[in-house]
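Next comes target-v3.pdb, with PDB, C-alpha atoms, pLDDT in the B column.
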```pdb
MODEL        1
ATOM      1  CA  GLY A   1       0.000   0.000   0.000  1.00 52.00           C
ATOM      2  CA  ALA A   2       0.906   3.660  -0.207  1.00 76.00           C
ATOM      3  CA  GLY A   3       1.355   4.145   3.518  1.00 91.00           C
ATOM      4  CA  VAL A   4       1.574   2.338   6.837  1.00 95.00           C
ATOM      5  CA  SER A   5      -1.774   0.760   7.576  1.00 96.00           C
ATOM      6  CA  GLN A   6      -2.950  -0.134  11.077  1.00 97.00           C
ATOM      7  CA  SER A   7      -6.003  -1.987  12.260  1.00 97.00           C
ATOM      8  CA  PRO A   8      -8.235  -1.748  14.090  1.00 97.00           C
ATOM      9  CA  ARG A   9      -8.292   2.022  14.300  1.00 95.00           C
ATOM     10  CA  TYR A  10     -10.312   1.890  17.482  1.00 95.00           C
ATOM     11  CA  LYS A  11     -10.642  -0.902  19.988  1.00 97.00           C
ATOM     12  CA  VAL A  12     -12.535  -1.021  23.266  1.00 97.00           C
ATOM     13  CA  ALA A  13     -11.534  -3.978  25.401  1.00 97.00           C
ATOM     14  CA  LYS A  14     -12.809  -5.173  28.730  1.00 97.00           C
ATOM     15  CA  ARG A  15     -10.149  -5.466  31.413  1.00 97.00           C
ATOM     16  CA  GLY A  16      -8.588  -8.896  31.211  1.00 97.00           C
ATOM     17  CA  GLN A  17      -9.332  -9.351  27.529  1.00 97.00           C
ATOM     18  CA  ASP A  18      -6.579 -10.101  25.017  1.00 97.00           C
ATOM     19  CA  VAL A  19      -6.150  -7.767  22.020  1.00 98.00           C
ATOM     20  CA  ALA A  20      -4.164  -7.955  18.794  1.00 98.00           C
ATOM     21  CA  LEU A  21      -3.164  -4.895  16.809  1.00 98.00           C
ATOM     22  CA  ARG A  22      -2.015  -5.224  13.236  1.00 98.00           C
ATOM     23  CA  CYS A  23       0.488  -3.177  11.270  1.00 98.00           C
ATOM     24  CA  ASP A  24       0.998  -3.381   7.529  1.00 97.00           C
ATOM     25  CA  PRO A  25       4.169  -1.395   6.732  1.00 96.00           C
ATOM     26  CA  ILE A  26       5.094   0.218   3.451  1.00 94.00           C
ATOM     27  CA  SER A  27       6.051  -2.483   0.976  1.00 93.00           C
ATOM     28  CA  GLY A  28       9.765  -3.210   1.014  1.00 90.00           C
ATOM     29  CA  HIS A  29      10.482  -1.393   4.258  1.00 91.00           C
ATOM     30  CA  VAL A  30      12.977  -3.330   6.289  1.00 89.00           C
ATOM     31  CA  SER A  31      12.561  -1.633   9.640  1.00 89.00           C
ATOM     32  CA  LEU A  32       9.369  -1.628  11.660  1.00 93.00           C
ATOM     33  CA  PHE A  33       8.744   0.051  14.984  1.00 92.00           C
ATOM     34  CA  TRP A  34       5.970   0.023  17.560  1.00 95.00           C
ATOM     35  CA  TYR A  35       5.348   2.985  19.856  1.00 94.00           C
ATOM     36  CA  GLN A  36       2.885   3.678  22.641  1.00 95.00           C
ATOM     37  CA  GLN A  37       1.485   7.183  22.945  1.00 92.00           C
ATOM     38  CA  ALA A  38      -0.424   8.348  25.999  1.00 90.00           C
ATOM     39  CA  LEU A  39      -2.779  11.295  25.699  1.00 85.00           C
ATOM     40  CA  GLY A  40      -0.848  14.561  25.425  1.00 81.00           C
ATOM     41  CA  GLN A  41       2.531  12.849  25.375  1.00 85.00           C
ATOM     42  CA  GLY A  42       5.085  11.957  22.751  1.00 86.00           C
ATOM     43  CA  PRO A  43       5.345   8.354  21.580  1.00 89.00           C
ATOM     44  CA  GLU A  44       7.364   5.925  23.704  1.00 90.00           C
ATOM     45  CA  PHE A  45       9.425   3.190  22.066  1.00 89.00           C
ATOM     46  CA  LEU A  46       8.151  -0.367  22.463  1.00 94.00           C
ATOM     47  CA  THR A  47      10.015  -2.586  20.022  1.00 93.00           C
ATOM     48  CA  TYR A  48      11.934  -2.668  16.746  1.00 90.00           C
ATOM     49  CA  PHE A  49      12.140  -5.239  13.940  1.00 92.00           C
ATOM     50  CA  GLN A  50      14.611  -5.524  11.119  1.00 90.00           C
ATOM     51  CA  ASN A  51      12.857  -7.818   8.661  1.00 92.00           C
ATOM     52  CA  GLU A  52      11.572 -10.697  10.801  1.00 94.00           C
ATOM     53  CA  ALA A  53      14.152 -10.252  13.536  1.00 93.00           C
ATOM     54  CA  GLN A  54      13.065  -8.474  16.692  1.00 93.00           C
ATOM     55  CA  LEU A  55      16.288  -6.636  17.478  1.00 88.00           C
ATOM     56  CA  ASP A  56      15.056  -4.635  20.423  1.00 87.00           C
ATOM     57  CA  LYS A  57      12.086  -5.200  22.695  1.00 91.00           C
ATOM     58  CA  SER A  58      13.366  -3.282  25.659  1.00 89.00           C
ATOM     59  CA  GLY A  59      10.428  -0.864  25.606  1.00 91.00           C
ATOM     60  CA  LEU A  60       7.717  -3.464  26.096  1.00 95.00           C
ATOM     61  CA  PRO A  61       6.253  -2.581  29.519  1.00 94.00           C
ATOM     62  CA  SER A  62       5.549  -6.100  30.717  1.00 94.00           C
ATOM     63  CA  ASP A  63       5.468  -9.724  29.629  1.00 95.00           C
ATOM     64  CA  ARG A  64       1.810  -9.201  28.734  1.00 97.00           C
ATOM     65  CA  PHE A  65       3.042  -7.419  25.613  1.00 97.00           C
ATOM     66  CA  PHE A  66       4.267  -9.472  22.698  1.00 97.00           C
ATOM     67  CA  ALA A  67       5.129  -8.473  19.128  1.00 98.00           C
ATOM     68  CA  GLU A  68       5.953 -10.520  16.080  1.00 97.00           C
ATOM     69  CA  ARG A  69       6.737 -10.068  12.414  1.00 97.00           C
ATOM     70  CA  PRO A  70       7.071 -13.661  11.203  1.00 96.00           C
ATOM     71  CA  GLU A  71       7.548 -13.031   7.480  1.00 94.00           C
ATOM     72  CA  GLY A  72       9.267  -9.679   7.683  1.00 93.00           C
ATOM     73  CA  SER A  73       6.275  -7.654   6.526  1.00 95.00           C
ATOM     74  CA  VAL A  74       3.048  -7.506   8.567  1.00 97.00           C
ATOM     75  CA  SER A  75       3.511  -7.183  12.308  1.00 98.00           C
ATOM     76  CA  THR A  76       1.160  -7.888  15.187  1.00 98.00           C
ATOM     77  CA  LEU A  77       1.318  -6.395  18.668  1.00 98.00           C
ATOM     78  CA  LYS A  78      -0.516  -8.558  21.163  1.00 98.00           C
ATOM     79  CA  ILE A  79      -1.532  -7.468  24.648  1.00 98.00           C
ATOM     80  CA  GLN A  80      -2.705 -10.166  26.998  1.00 97.00           C
ATOM     81  CA  ARG A  81      -4.971  -9.633  29.998  1.00 97.00           C
ATOM     82  CA  THR A  82      -5.374  -5.933  29.237  1.00 97.00           C
ATOM     83  CA  GLN A  83      -5.293  -3.426  32.087  1.00 97.00           C
ATOM     84  CA  GLN A  84      -6.655   0.107  32.214  1.00 95.00           C
ATOM     85  CA  GLU A  85      -3.135   1.529  32.082  1.00 95.00           C
ATOM     86  CA  ASP A  86      -2.739  -0.073  28.647  1.00 96.00           C
ATOM     87  CA  SER A  87      -5.196   2.477  27.252  1.00 96.00           C
ATOM     88  CA  ALA A  88      -3.221   4.481  24.692  1.00 96.00           C
ATOM     89  CA  VAL A  89      -2.617   4.964  21.013  1.00 95.00           C
ATOM     90  CA  TYR A  90      -0.332   2.327  19.554  1.00 97.00           C
ATOM     91  CA  LEU A  91       1.634   3.662  16.621  1.00 95.00           C
ATOM     92  CA  CYS A  92       3.444   1.591  14.052  1.00 96.00           C
ATOM     93  CA  ALA A  93       6.156   3.063  11.842  1.00 92.00           C
ATOM     94  CA  SER A  94       8.368   1.745   9.081  1.00 91.00           C
ATOM     95  CA  SER A  95      11.524   2.795   7.278  1.00 87.00           C
ATOM     96  CA  GLN A  96      13.610   1.547   4.406  1.00 84.00           C
ATOM     97  CA  ASP A  97      16.772   1.927   6.509  1.00 75.00           C
ATOM     98  CA  ARG A  98      18.449  -1.358   7.295  1.00 66.00           C
ATOM     99  CA  GLY A  99      19.382  -0.465  10.818  1.00 56.00           C
ATOM    100  CA  GLY A 100      22.881  -0.099  12.134  1.00 45.00           C
ATOM    101  CA  ILE A 101      24.105   3.442  12.503  1.00 45.00           C
ATOM    102  CA  PRO A 102      21.218   5.565  11.184  1.00 47.00           C
ATOM    103  CA  LEU A 103      23.250   8.240   9.432  1.00 48.00           C
ATOM    104  CA  SER A 104      21.103   8.305   6.340  1.00 52.00           C
ATOM    105  CA  GLY A 105      18.193   9.922   8.065  1.00 57.00           C
ATOM    106  CA  ASN A 106      15.601   8.320   5.854  1.00 68.00           C
ATOM    107  CA  THR A 107      12.030   9.228   6.591  1.00 78.00           C
ATOM    108  CA  ILE A 108      10.191   7.187   9.170  1.00 83.00           C
ATOM    109  CA  TYR A 109       6.571   6.790   8.148  1.00 89.00           C
ATOM    110  CA  PHE A 110       3.907   6.416  10.796  1.00 91.00           C
ATOM    111  CA  GLY A 111       0.534   4.778  10.599  1.00 94.00           C
ATOM    112  CA  GLU A 112      -2.626   6.455  11.904  1.00 93.00           C
ATOM    113  CA  GLY A 113      -2.451   4.447  15.112  1.00 94.00           C
ATOM    114  CA  SER A 114      -4.700   2.027  16.919  1.00 96.00           C
ATOM    115  CA  TRP A 115      -6.630   3.664  19.755  1.00 95.00           C
ATOM    116  CA  LEU A 116      -7.056   1.194  22.583  1.00 96.00           C
ATOM    117  CA  THR A 117      -9.417   1.890  25.465  1.00 96.00           C
ATOM    118  CA  VAL A 118      -9.591  -0.650  28.284  1.00 96.00           C
ATOM    119  CA  VAL A 119     -12.724  -0.430  30.402  1.00 96.00           C
TER     120      VAL A 119
ATOM    121  CA  LYS B   1      14.785  12.213  32.430  1.00 61.00           C
ATOM    122  CA  ASN B   2      13.538  12.925  28.920  1.00 70.00           C
ATOM    123  CA  GLN B   3      16.427  13.539  26.566  1.00 89.00           C
ATOM    124  CA  VAL B   4      14.313  15.813  24.358  1.00 93.00           C
ATOM    125  CA  GLU B   5      12.638  18.890  25.814  1.00 95.00           C
ATOM    126  CA  GLN B   6      10.278  21.080  23.835  1.00 96.00           C
ATOM    127  CA  SER B   7       8.990  24.552  24.499  1.00 96.00           C
ATOM    128  CA  PRO B   8       6.556  26.085  24.763  1.00 96.00           C
ATOM    129  CA  GLN B   9       4.160  23.346  25.774  1.00 95.00           C
ATOM    130  CA  SER B  10       1.418  25.117  23.860  1.00 95.00           C
ATOM    131  CA  LEU B  11       0.825  28.365  22.057  1.00 96.00           C
ATOM    132  CA  ILE B  12      -1.986  30.248  20.384  1.00 97.00           C
ATOM    133  CA  ILE B  13      -1.258  32.423  17.367  1.00 96.00           C
ATOM    134  CA  LEU B  14      -3.329  34.494  14.996  1.00 97.00           C
ATOM    135  CA  GLU B  15      -3.735  33.317  11.444  1.00 97.00           C
ATOM    136  CA  GLY B  16      -1.059  34.854   9.227  1.00 97.00           C
ATOM    137  CA  LYS B  17       1.449  35.349  12.036  1.00 97.00           C
ATOM    138  CA  ASN B  18       4.784  33.566  12.439  1.00 97.00           C
ATOM    139  CA  CYS B  19       5.902  31.425  15.352  1.00 97.00           C
ATOM    140  CA  THR B  20       8.962  29.515  16.486  1.00 98.00           C
ATOM    141  CA  LEU B  21       9.070  26.274  18.454  1.00 98.00           C
ATOM    142  CA  GLN B  22      12.107  25.115  20.397  1.00 98.00           C
ATOM    143  CA  CYS B  23      13.682  21.728  20.951  1.00 97.00           C
ATOM    144  CA  ASN B  24      16.634  21.046  23.249  1.00 97.00           C
ATOM    145  CA  TYR B  25      18.173  17.595  23.443  1.00 95.00           C
ATOM    146  CA  THR B  26      20.875  15.731  25.315  1.00 92.00           C
ATOM    147  CA  VAL B  27      21.075  12.647  23.069  1.00 86.00           C
ATOM    148  CA  SER B  28      24.740  11.906  22.385  1.00 83.00           C
ATOM    149  CA  PRO B  29      26.317  10.969  20.110  1.00 82.00           C
ATOM    150  CA  PHE B  30      23.764  12.572  17.868  1.00 82.00           C
ATOM    151  CA  SER B  31      22.719  11.335  14.438  1.00 81.00           C
ATOM    152  CA  ASN B  32      19.685  13.188  13.202  1.00 86.00           C
ATOM    153  CA  LEU B  33      16.753  15.293  14.300  1.00 91.00           C
ATOM    154  CA  ARG B  34      13.276  15.218  12.843  1.00 91.00           C
ATOM    155  CA  TRP B  35      10.245  17.431  13.214  1.00 95.00           C
ATOM    156  CA  TYR B  36       6.850  15.830  12.893  1.00 94.00           C
ATOM    157  CA  LYS B  37       3.352  17.320  12.708  1.00 95.00           C
ATOM    158  CA  GLN B  38       0.606  15.351  14.406  1.00 93.00           C
ATOM    159  CA  ASP B  39      -3.000  16.314  13.865  1.00 92.00           C
ATOM    160  CA  THR B  40      -5.431  15.272  16.577  1.00 88.00           C
ATOM    161  CA  GLY B  41      -6.322  11.630  16.145  1.00 85.00           C
ATOM    162  CA  ARG B  42      -3.794  11.056  13.380  1.00 88.00           C
ATOM    163  CA  GLY B  43      -0.328   9.592  13.110  1.00 89.00           C
ATOM    164  CA  PRO B  44       2.731  11.880  12.967  1.00 90.00           C
ATOM    165  CA  VAL B  45       3.742  13.166   9.550  1.00 91.00           C
ATOM    166  CA  SER B  46       7.348  14.033   8.774  1.00 90.00           C
ATOM    167  CA  LEU B  47       8.178  17.701   8.141  1.00 94.00           C
ATOM    168  CA  THR B  48      11.984  17.821   8.128  1.00 92.00           C
ATOM    169  CA  ILE B  49      15.004  15.637   8.788  1.00 89.00           C
ATOM    170  CA  MET B  50      18.439  17.057   9.575  1.00 90.00           C
ATOM    171  CA  THR B  51      21.663  15.181  10.140  1.00 85.00           C
ATOM    172  CA  PHE B  52      24.398  16.544  12.375  1.00 81.00           C
ATOM    173  CA  SER B  53      26.068  18.294   9.428  1.00 85.00           C
ATOM    174  CA  GLU B  54      23.011  20.310   8.422  1.00 88.00           C
ATOM    175  CA  ASN B  55      22.049  23.682   9.887  1.00 92.00           C
ATOM    176  CA  THR B  56      18.729  24.364   8.234  1.00 95.00           C
ATOM    177  CA  LYS B  57      16.041  22.584   6.258  1.00 94.00           C
ATOM    178  CA  SER B  58      12.849  23.990   4.766  1.00 95.00           C
ATOM    179  CA  ASN B  59       9.580  22.385   3.776  1.00 94.00           C
ATOM    180  CA  GLY B  60       7.201  24.985   2.426  1.00 96.00           C
ATOM    181  CA  ARG B  61       6.297  27.378   5.221  1.00 97.00           C
ATOM    182  CA  TYR B  62       8.186  25.251   7.759  1.00 97.00           C
ATOM    183  CA  THR B  63      11.880  25.968   8.384  1.00 97.00           C
ATOM    184  CA  ALA B  64      13.922  23.957  10.859  1.00 97.00           C
ATOM    185  CA  THR B  65      17.312  24.960  12.212  1.00 97.00           C
ATOM    186  CA  LEU B  66      19.851  22.876  14.058  1.00 95.00           C
ATOM    187  CA  ASP B  67      22.831  23.803  16.219  1.00 94.00           C
ATOM    188  CA  ALA B  68      24.548  20.520  17.026  1.00 90.00           C
ATOM    189  CA  ASP B  69      27.066  22.281  19.261  1.00 91.00           C
ATOM    190  CA  THR B  70      24.441  23.653  21.639  1.00 94.00           C
ATOM    191  CA  LYS B  71      22.086  20.728  20.978  1.00 94.00           C
ATOM    192  CA  GLN B  72      19.213  22.995  20.023  1.00 96.00           C
ATOM    193  CA  SER B  73      16.744  23.019  17.177  1.00 97.00           C
ATOM    194  CA  SER B  74      13.896  25.288  16.227  1.00 98.00           C
ATOM    195  CA  LEU B  75      10.929  25.006  13.911  1.00 98.00           C
ATOM    196  CA  HIS B  76       9.705  28.249  12.394  1.00 98.00           C
ATOM    197  CA  ILE B  77       6.226  28.454  10.899  1.00 97.00           C
ATOM    198  CA  THR B  78       5.728  31.339   8.508  1.00 97.00           C
ATOM    199  CA  ALA B  79       2.372  32.956   7.716  1.00 97.00           C
ATOM    200  CA  SER B  80       0.439  30.453   9.809  1.00 97.00           C
ATOM    201  CA  GLN B  81      -2.763  28.917   8.515  1.00 97.00           C
ATOM    202  CA  LEU B  82      -5.672  27.353  10.369  1.00 97.00           C
ATOM    203  CA  SER B  83      -4.511  23.954   9.104  1.00 96.00           C
ATOM    204  CA  ASP B  84      -1.257  24.402  11.025  1.00 97.00           C
ATOM    205  CA  SER B  85      -3.145  23.723  14.256  1.00 97.00           C
ATOM    206  CA  ALA B  86      -1.551  20.514  15.498  1.00 96.00           C
ATOM    207  CA  SER B  87       1.060  19.099  17.817  1.00 95.00           C
ATOM    208  CA  TYR B  88       4.646  19.486  16.616  1.00 97.00           C
ATOM    209  CA  ILE B  89       6.994  16.807  17.842  1.00 95.00           C
ATOM    210  CA  CYS B  90      10.792  16.885  17.887  1.00 95.00           C
ATOM    211  CA  VAL B  91      12.410  13.460  17.456  1.00 91.00           C
ATOM    212  CA  VAL B  92      16.110  12.803  17.990  1.00 89.00           C
ATOM    213  CA  SER B  93      18.100   9.741  16.955  1.00 84.00           C
ATOM    214  CA  GLY B  94      21.373   8.667  18.489  1.00 80.00           C
ATOM    215  CA  ARG B  95      24.400   7.504  16.508  1.00 75.00           C
ATOM    216  CA  THR B  96      24.974   4.059  17.959  1.00 70.00           C
ATOM    217  CA  THR B  97      23.574   0.671  17.059  1.00 61.00           C
ATOM    218  CA  ASP B  98      21.975   0.498  20.494  1.00 65.00           C
ATOM    219  CA  SER B  99      19.936   3.595  19.767  1.00 63.00           C
ATOM    220  CA  TRP B 100      18.619   2.599  16.367  1.00 64.00           C
ATOM    221  CA  GLY B 101      14.848   2.492  16.551  1.00 65.00           C
ATOM    222  CA  LYS B 102      14.817   4.073  19.986  1.00 72.00           C
ATOM    223  CA  PHE B 103      14.047   7.504  18.758  1.00 81.00           C
ATOM    224  CA  GLN B 104      13.751  10.002  21.579  1.00 86.00           C
ATOM    225  CA  PHE B 105      10.495  11.923  21.270  1.00 88.00           C
ATOM    226  CA  GLY B 106       9.704  15.258  22.808  1.00 91.00           C
ATOM    227  CA  ALA B 107       6.288  15.734  24.370  1.00 91.00           C
ATOM    228  CA  GLY B 108       5.332  18.096  21.578  1.00 93.00           C
ATOM    229  CA  THR B 109       4.200  21.706  21.298  1.00 96.00           C
ATOM    230  CA  GLN B 110       0.473  22.119  20.784  1.00 96.00           C
ATOM    231  CA  VAL B 111      -0.120  24.953  18.306  1.00 97.00           C
ATOM    232  CA  VAL B 112      -3.541  26.523  17.893  1.00 97.00           C
ATOM    233  CA  VAL B 113      -4.044  28.971  15.045  1.00 97.00           C
ATOM    234  CA  THR B 114      -7.064  31.237  15.458  1.00 97.00           C
ATOM    235  CA  PRO B 115      -8.824  33.314  12.778  1.00 95.00           C
TER     236      PRO B 115
ENDMDL
END
```
Rewritten as structure tokens:
Amino acid sequence: GAGVSQSPRYKVAKRGQDVALRCDPISGHVSLFWYQQALGQGPEFLTYFQNEAQLDKSGLPSDRFFAERPEGSVSTLKIQRTQQEDSAVYLCASSQDRGGIPLSGNTIYFGEGSWLTVV
Amino acid sequence: KNQVEQSPQSLIILEGKNCTLQCNYTVSPFSNLRWYKQDTGRGPVSLTIMTFSENTKSNGRYTATLDADTKQSSLHITASQLSDSASYICVVSGRTTDSWGKFQFGAGTQVVVTP
């Protein structure tokens, strides 16, 4: 597709429910990122993939959060046993950079985000 | 402590006027700095990207400056339009393999342009 596509755009989950958020990056983009954005704040890093390899998951807040990108394209962020503090916008971004030292400064393209509300 | 600080937190300007947003960072070693515009309920959209060797970059009515020595950047909006109302986010990338992907985001400056 022309841009980064995320689904669902909006999700209301009952506390304790599992959710899965999908990201379809720009075709051919090697790098894929997940961010969590609380209301009125800047995005916070969650995890980073280079192709199918999850090179950094240090930002995942707990073991209830799990991300995968099995074929190096579409990625899924899964949140198990959702809690109210998980309510946020989850942003996916992709880039054609291959990682390493990011001197090239290629554009990072963001999706529209998945708005998760846990009630 | 956040490594990217933006100011002001918010500002209101009249349509047609200019404004300047500030970004101070402590990320080191530094690789590049990006300004993004985020409309309410939308994902961030890239405005400018500057590497450590660049001092200024323009994109239409948006002009970004960078002083890598003082670790400061500014985004200047010229002849503001109502559509400029948004949050403007400064994003800094470090120059090590450990920092790749871990972009440091500022909290953003919320700009409101009034008629």
- Item | Nearest residue to Val92 in chain B from the set B:Val45, B:Cys19, B:Met50, B:Ile13 (distances using all atoms listed in the file) |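 Once distances to Val92 in chain B are computed over all atoms listed in the file, the minimum belongs to B:Met50.
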- Message: Take the ChimeraX specification (/B :<10) & /A, run it mentally on this structure, and tell me the resulting residues as a PyMOL selection string.
- Response: chain A and resi 4+9+31-35+37+40-50+55-56+58-59+89-95+98-115
- Task: Would you mind reading off the distance between CA of Ser73 in chain B and CA of Asn2 in chain B, one decimal, in Å?
- Result: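 Atom-to-atom, CA of Ser73 in chain B to CA of Asn2 in chain B, that is 15.8 Å.
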- Item | Expected selection from the PyMOL selection byres ((chain B and resi 68) around 9), given as a PyMOL selection string | chain B and resi 30+52-55+66-67+69-73
- Could you check how far CA of Cys23 in chain B sits from CA of Ser7 in chain B, in Å to one decimal?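 Atom-to-atom, CA of Cys23 in chain B and CA of Ser7 in chain B are spaced 6.5 Å apart.
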- Can you turn the PyMOL selection byres ((chain A and resi 75) around 7) into a concrete residue list for this file, as a list in words? Arg22, Cys23, Asp24, Glu68, Arg69, Ser73, Val74, Thr76 and Leu77 of chain A
- Message: If we count only C-alpha atoms and set the cut-off at 8 Å, which residues sit around Gly72 in chain A, ignoring sequence neighbours fewer than 5 positions away in its own chain? Please answer as a ChimeraX atom specification.
- Response: /A:30,50-53
- Message: Between CA of Ser28 in chain B and CA of Val4 in chain B, what distance in Å does the model show, to one decimal?
- Response: 11.3 Å
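Residues in contact range of Gly60 in chain B, defined as at most 12 Å between all atoms listed in the file, with sequence neighbours fewer than 6 positions away removed, read Leu47, Thr48, His76, Ile77, Thr78, Ala79 and Ser80 of chain B.
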- Query: Out of A:Gln96, A:Gln80, A:Gln17, A:Ser27, which residue has the shortest atom-to-atom distance to Ala2 in chain A when counting all atoms listed in the file?
  - Reply: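 Looking at the shortest contact to Ala2 in chain A, the residue is A:Ser27.
Nearest to Arg15 in chain A of all the residues A:Ser62, A:Leu116, A:Glu71, A:Arg81 is A:Arg81, counting all atoms listed in the file.
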- Item | Residue list as a PyMOL selection string for point (-4.5, -7.9, 27.3), cut-off 12 Å, all atoms listed in the file | chain A and resi 11-21+62-66+77-87+116-119
For those residues, write C-alpha atoms to a file as a PDB file, in the coordinates of the input.
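Just written: result-v8.pdb:
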```pdb
ATOM      1  CA  LYS A  11     -10.642  -0.902  19.988  1.00 97.00           C
ATOM      2  CA  VAL A  12     -12.535  -1.021  23.266  1.00 97.00           C
ATOM      3  CA  ALA A  13     -11.534  -3.978  25.401  1.00 97.00           C
ATOM      4  CA  LYS A  14     -12.809  -5.173  28.730  1.00 97.00           C
ATOM      5  CA  ARG A  15     -10.149  -5.466  31.413  1.00 97.00           C
ATOM      6  CA  GLY A  16      -8.588  -8.896  31.211  1.00 97.00           C
ATOM      7  CA  GLN A  17      -9.332  -9.351  27.529  1.00 97.00           C
ATOM      8  CA  ASP A  18      -6.579 -10.101  25.017  1.00 97.00           C
ATOM      9  CA  VAL A  19      -6.150  -7.767  22.020  1.00 98.00           C
ATOM     10  CA  ALA A  20      -4.164  -7.955  18.794  1.00 98.00           C
ATOM     11  CA  LEU A  21      -3.164  -4.895  16.809  1.00 98.00           C
ATOM     12  CA  SER A  62       5.549  -6.100  30.717  1.00 94.00           C
ATOM     13  CA  ASP A  63       5.468  -9.724  29.629  1.00 95.00           C
ATOM     14  CA  ARG A  64       1.810  -9.201  28.734  1.00 97.00           C
ATOM     15  CA  PHE A  65       3.042  -7.419  25.613  1.00 97.00           C
ATOM     16  CA  PHE A  66       4.267  -9.472  22.698  1.00 97.00           C
ATOM     17  CA  LEU A  77       1.318  -6.395  18.668  1.00 98.00           C
ATOM     18  CA  LYS A  78      -0.516  -8.558  21.163  1.00 98.00           C
ATOM     19  CA  ILE A  79      -1.532  -7.468  24.648  1.00 98.00           C
ATOM     20  CA  GLN A  80      -2.705 -10.166  26.998  1.00 97.00           C
ATOM     21  CA  ARG A  81      -4.971  -9.633  29.998  1.00 97.00           C
ATOM     22  CA  THR A  82      -5.374  -5.933  29.237  1.00 97.00           C
ATOM     23  CA  GLN A  83      -5.293  -3.426  32.087  1.00 97.00           C
ATOM     24  CA  GLN A  84      -6.655   0.107  32.214  1.00 95.00           C
ATOM     25  CA  GLU A  85      -3.135   1.529  32.082  1.00 95.00           C
ATOM     26  CA  ASP A  86      -2.739  -0.073  28.647  1.00 96.00           C
ATOM     27  CA  SER A  87      -5.196   2.477  27.252  1.00 96.00           C
ATOM     28  CA  LEU A 116      -7.056   1.194  22.583  1.00 96.00           C
ATOM     29  CA  THR A 117      -9.417   1.890  25.465  1.00 96.00           C
ATOM     30  CA  VAL A 118      -9.591  -0.650  28.284  1.00 96.00           C
ATOM     31  CA  VAL A 119     -12.724  -0.430  30.402  1.00 96.00           C
TER      32      VAL A 119
END
```
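Nearest-residue note for Thr56 in chain B: choosing from B:Ser85, B:Thr114, B:Ser74, B:Asn18, the minimum distance belongs to B:Ser74, counting only C-alpha atoms.
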- Selected residue, from A:Leu60, A:Gly3, A:Pro8, A:Gln54, that lies nearest to His29 in chain A when counting all atoms listed in the file: A:Gly3
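Among the candidates B:Leu82, B:Tyr25, B:Trp35, B:Gly16, the residue lying nearest to Asn59 in chain B is B:Trp35 (atoms considered: all atoms listed in the file).
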